[in-house]
Structure formats: C-alpha cells, structure tokens
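This report concerns only the one structure given below.
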Amino acid sequence: MKNNTHEKFIESLKNVKLREEARIRMRAELSSYADYYPAADSMQAPSPFGSVRTYVGRFSYVFAALFLVVASSGIVLAAHNALPGDSLYPIKTALLEPAEQALKEQTTIDWSVTLVQRRLTEADKIASTTKPSPKGEAQAAVAVADAAQKVEKNLDTPPSPARTKATNAFNETLSKHERTLARLTAVASTSAATGTAAVLDKLFTETHARVKKESSAETSRDRSRTQEHKSIQIINSDSDDRSGKRSE
Amino acid sequence: MDQHTIKSRFLETYDRYADPLYRFCFMKTSNADLAEDLTQEVFMRLWQKMREGVNIQNEQALLYTIARNLVIDWYRKKKEQSLDVLLEKGIDFVGEGKKETVAFAEVEEILGVVEELDEPSREVLLLRFVEGYSPQEIAQVCGTNANAVSVRINRAIKKVQDIIRPHEK
C-alpha cells in the first residue's frame, strides 16, 4: 500500500456497507419478524383481533355465528383472499379459518392438512406475482412451517385408518409443492429464522427423497411393462411365423 | 404504545444503524456473510426488547453491546477465518457502478490493515472515524471512560500509520 495515509484507510472503511438487496431483504424479514412477535402491549390492548387466539378455541360456536352474520360483508371476502404480507391476512388465519373449522365436519387432523394445502397455495400465489413481496414470502415460509408442524403433531398418534389417510394426503400435498418447499427453504435460510429454515429444510429433503423414490419406482414399472409388451410381441410374431409356415 | 408505533420506531432504527452495525460486525469477524447474519440477529434482539416495553435509554449503546456480545459468542463457538479464505470466497461491497475489481482490491487492503490491529484499536477507529461518534459516545458503547477512548484512538492511528508506512517508523 504505497502513498496511503490512515485517512484513506478510514475512507475505504466507509465503503463497507450492506449490499442494497441484502439491506432491503433484511428489512422485510425484520418487519415480518416484528409482525410475528407483536408488541406485548398491543396484545393486551382491547382490540377486535387482539385476543382472538385465546378465545377462539373456547367460543368457536360464537365465532361460527359471527361468521354467518358477517358473511355478506365485503371484508370477509377480502380477508378470505388475503395472502401472507397483506394487512387482512391475520383476520383470515385468526378469525375466519377457526370459524370455518367450527362449521365444517372435518376432524382436527384433516383440517390441519387442509391448512397446509392452503399455506402452500398462498406461497405459490405470492411467487407467481410480477414482483413477489419479500415480506410476503418470509411470512409464507413461517406460515407453511407452522402449519406443517401442526400436522406432524396431529399425526403423532397410534396408527389408525384416519392417520394413514391424513398421512397420505399430507405427503401428496408436499409432493405437489416440492418446488415451493425448495423456494421457501431458500427464503428462510437467507434470513436468521433458523427454526423455520430447519423445519422447511427437513420437509423438502424428505419430500424430495420420496418423489425421487416414487419416480424411479414408476420408471422401473414402465420398463417392466415395456419389456413385457416386447416379449408379447415376439411371442405373437413367432406364433404368426409358425402358423404361416404350416399354411405353406 | 401500539404495535404500529413501536414497529415504525424499530424500522427507523434499522434504517439508521444497519450499515454502521454491519461495519462493526465485519471489522470484528472479517467475514461479510457472518457480519450480515449478526447484524440481523442484533435487530431481532432489539425488537424483543422493544416489544417487551423495556425502557431503552441509549439505543446506540444497546445495539453495539448486543453486537459485541454476539461476536464474543461466535468466537467462542467457531474458529476465526483466515484472510486467504476470505479472499477465496470473494466479498461483495457497495461501490460506484461496477468497480468490483477496485473495490475488491480496497477490501484486500482494508483487511490487511484490520488483521494487524488489535481488537480495541479496530473498534475505536471504526466508531470514531467512520461512524463519527464522539469519545464520550464511544466510551458508553465500550463501557469505559472518554479519556481512555481518546488515548486508544491516538494509539490506533499511530498503529495504522505504522502498518501502512513501515519505512517511516
């Protein structure tokens, strides 16, 4: 380093900054983090949505009735279509979906699989937009990981036909959204949300292995069928030859 | 205070301190990716304090204290990476246009000096001359007094000069 003074060194230090895309991404992830862990005071303050999680379980029939009364409202429709990152999304997950569950005749385990399907579909919708929102993707990653963990918890029961059916439905859902899982794992991995990243990484790894196994089993079956078909053709052609010779 | 207000303040703090904290973490660890992760972790911990309603009297001092503690934790768990590994990985820095080669060469020079400095010198140089904090503010961040900081600053400048111009010793 010739002809450098300590001032030039210090000036060079000032160029050490976060890359612009890293700065934007980090801000979006921190914003999602702040939404996911809301301020303690805001949770205690009287709010139509503040204590929903606490009361919904006990008064689900009340919320079911509320849902019916408000069903004609446009807010319900807007909230129903809300995606992670939208301001109405918490209404969808904390109010509308629990009310919907109370009205449906679905078991807890089946409902939890339905929710995973929804979370994955929402993640796909965000990704398909022209400019996917980093906040939306980050929240979608958290939502999918949470929903999947709930399913796994519900599946942690003694074997039964219901459990087998739910397991198959869950695995099928994950297989259909293998790419979504890969993308969400990458989103979570680039952030400090190590818990979410770990859950999604495990889901993706298991799904990928299962899809690969099923795919190679299918290829093997196809090869066997092709071989079988060829063998039949050979046998048929042999027997045609013999019958042709006899007629001569 | 409601969620919206606290969150707004939190994001304002992020906008103001993201780069300075990143520089701090980078100076401490010599690793750009790690510095990024640590910076994010600092703000996540800040949010946890803000959401709990902790009375934060000196935000700046708190942020640097959290950052320093995280770096200490990292040093305890991991081995320090060598300059060669860093150069091999390549470091992406903000520069004007696409002057990546020049920026990279600058980084190599910066790291060359940083590697030879002791921990307290790195810290005070960054905080005083890059972030522009006064000796009093640095004293609060470092948990010492302003006089000790001033002495440290002068010694750090001398060390950098000795490293850059060894023939003038």
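Labels for the structure tokens follow display order: chains A, B, ..., residues from 1 in each chain, ligands from 1.
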| task | Output as a PyMOL selection string the set of chain B residues within 7 Å of chain A, with distances taken over only C-alpha atoms. | result | chain B and resi 1-3+7+19+22-23+37+40-41+44+47+51-52+93-95+106+110+129-130+157+160-161+164
Residues just named, written with C-alpha atoms as an mmCIF file, in the first residue's frame:
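File selection.cif, as written:
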data_model
loop_
_atom_site.group_PDB
_atom_site.id
_atom_site.type_symbol
_atom_site.label_atom_id
_atom_site.label_comp_id
_atom_site.auth_asym_id
_atom_site.auth_seq_id
_atom_site.Cartn_x
_atom_site.Cartn_y
_atom_site.Cartn_z
ATOM 1 C CA MET B 1 -47.592 2.283 22.701
ATOM 2 C CA ASP B 2 -49.225 0.265 19.961
ATOM 3 C CA GLN B 3 -47.617 -2.255 17.622
ATOM 4 C CA LYS B 7 -42.619 -1.153 14.750
ATOM 5 C CA ASP B 19 -24.755 -0.138 7.904
ATOM 6 C CA TYR B 22 -22.670 -4.269 9.693
ATOM 7 C CA ARG B 23 -19.322 -2.469 9.527
ATOM 8 C CA ASP B 37 -26.225 -12.628 9.905
ATOM 9 C CA GLN B 40 -29.879 -9.223 11.567
ATOM 10 C CA GLU B 41 -29.596 -11.013 14.894
ATOM 11 C CA MET B 44 -34.079 -9.218 16.193
ATOM 12 C CA TRP B 47 -37.132 -5.951 18.675
ATOM 13 C CA ARG B 51 -41.872 -5.342 22.187
ATOM 14 C CA GLU B 52 -41.494 -6.136 25.894
ATOM 15 C CA PHE B 93 -19.160 -4.446 -1.476
ATOM 16 C CA VAL B 94 -21.138 -1.402 -2.455
ATOM 17 C CA GLY B 95 -19.060 0.705 -4.792
ATOM 18 C CA GLU B 106 -9.560 -1.892 -1.478
ATOM 19 C CA ILE B 110 -8.549 -2.820 4.468
ATOM 20 C CA PHE B 129 -13.702 7.988 12.125
ATOM 21 C CA VAL B 130 -16.260 6.005 10.170
ATOM 22 C CA ILE B 157 -3.995 5.966 14.347
ATOM 23 C CA VAL B 160 -2.401 2.173 11.190
ATOM 24 C CA GLN B 161 0.290 4.601 10.043
ATOM 25 C CA ILE B 164 0.692 1.419 6.018
#
| field | Residues near Gln140 of chain B, cut-off 12 Å, only C-alpha atoms, skip fewer than 6 positions along chain, as a list of chain:residue names | value |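 With the cut-off at 12 Å, the set is B:Gln57, B:Asn58, B:Glu59, B:Gln60, B:Ala61, B:Leu62, B:Leu63, B:Tyr64, B:Thr65, B:Val124, B:Leu127, B:Tyr133, B:Ser134, B:Ala146, B:Asn147, B:Ala148, B:Val149.
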| request: Tell me, in Å to one decimal, how far atom CA of Arg25 of chain A is from atom CA of Thr129 of chain A. | output: 17.2 Å
| task | Tell me which protein, DNA and RNA residues are within 7 Å of Tyr89 of chain A, counting only C-alpha atoms, leaving out same-chain ones fewer than 6 positions away, and put them as a ChimeraX atom specification. | result | /A:79,82-83
Store the residues picked out above in a file with N, CA and C atoms, as a short mmCIF file (atom, residue, chain, number, x, y, z; two decimals), in the first residue's frame.
data_model
loop_
_atom_site.label_atom_id
_atom_site.label_comp_id
_atom_site.auth_asym_id
_atom_site.auth_seq_id
_atom_site.Cartn_x
_atom_site.Cartn_y
_atom_site.Cartn_z
N ALA A 79 -60.70 -10.59 3.16
CA ALA A 79 -59.82 -11.32 4.09
C ALA A 79 -59.63 -12.76 3.63
N ALA A 82 -56.95 -12.94 1.21
CA ALA A 82 -55.69 -12.31 1.63
C ALA A 82 -54.53 -13.30 1.58
N LEU A 83 -53.35 -12.76 1.30
CA LEU A 83 -52.14 -13.59 1.24
C LEU A 83 -51.17 -13.14 2.34
#
| field | All alpha helix (DSSP H) residues (DSSP, backbone) inside segment 111-148 of chain A, as number ranges by chain | value | A: 111-127, 134-148
What would the file look like if the residues just selected were written as a short mmCIF file (atom, residue, chain, number, x, y, z; two decimals), in the first residue's frame with C-alpha atoms?
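Saved the output as result_30.cif:
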data_model
loop_
_atom_site.label_atom_id
_atom_site.label_comp_id
_atom_site.auth_asym_id
_atom_site.auth_seq_id
_atom_site.Cartn_x
_atom_site.Cartn_y
_atom_site.Cartn_z
CA TRP A 111 -58.30 -29.72 8.91
CA SER A 112 -54.61 -29.31 9.69
CA VAL A 113 -53.76 -30.96 6.34
CA THR A 114 -56.22 -28.60 4.60
CA LEU A 115 -54.42 -25.65 6.18
CA VAL A 116 -51.03 -26.87 4.90
CA GLN A 117 -52.52 -27.08 1.40
CA ARG A 118 -53.77 -23.51 1.75
CA ARG A 119 -50.49 -22.17 3.05
CA LEU A 120 -48.59 -23.76 0.16
CA THR A 121 -51.09 -22.46 -2.40
CA GLU A 122 -50.75 -18.97 -0.90
CA ALA A 123 -46.97 -19.21 -1.19
CA ASP A 124 -47.35 -20.16 -4.87
CA LYS A 125 -49.64 -17.19 -5.49
CA ILE A 126 -47.10 -14.80 -3.98
CA ALA A 127 -44.30 -16.29 -6.09
CA PRO A 134 -40.10 -10.29 0.36
CA LYS A 135 -42.30 -9.73 3.40
CA GLY A 136 -44.99 -11.94 1.92
CA GLU A 137 -42.51 -14.70 1.08
CA ALA A 138 -40.98 -14.56 4.54
CA GLN A 139 -44.41 -14.77 6.18
CA ALA A 140 -45.45 -17.54 3.82
CA ALA A 141 -42.37 -19.53 4.84
CA VAL A 142 -43.24 -19.15 8.52
CA ALA A 143 -46.90 -19.99 7.87
CA VAL A 144 -46.06 -23.19 5.94
CA ALA A 145 -43.57 -24.32 8.58
CA ASP A 146 -46.10 -23.73 11.38
CA ALA A 147 -48.91 -25.50 9.52
CA ALA A 148 -46.66 -28.49 8.73
#
| query | In terms of the shortest atom-to-atom distance over only C-alpha atoms, which of B:Met50, B:Val42, B:Cys142, B:Met27 is closest to Ser8 of chain B? | reply |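 Closest to Ser8 of chain B, using only C-alpha atoms: B:Met50.
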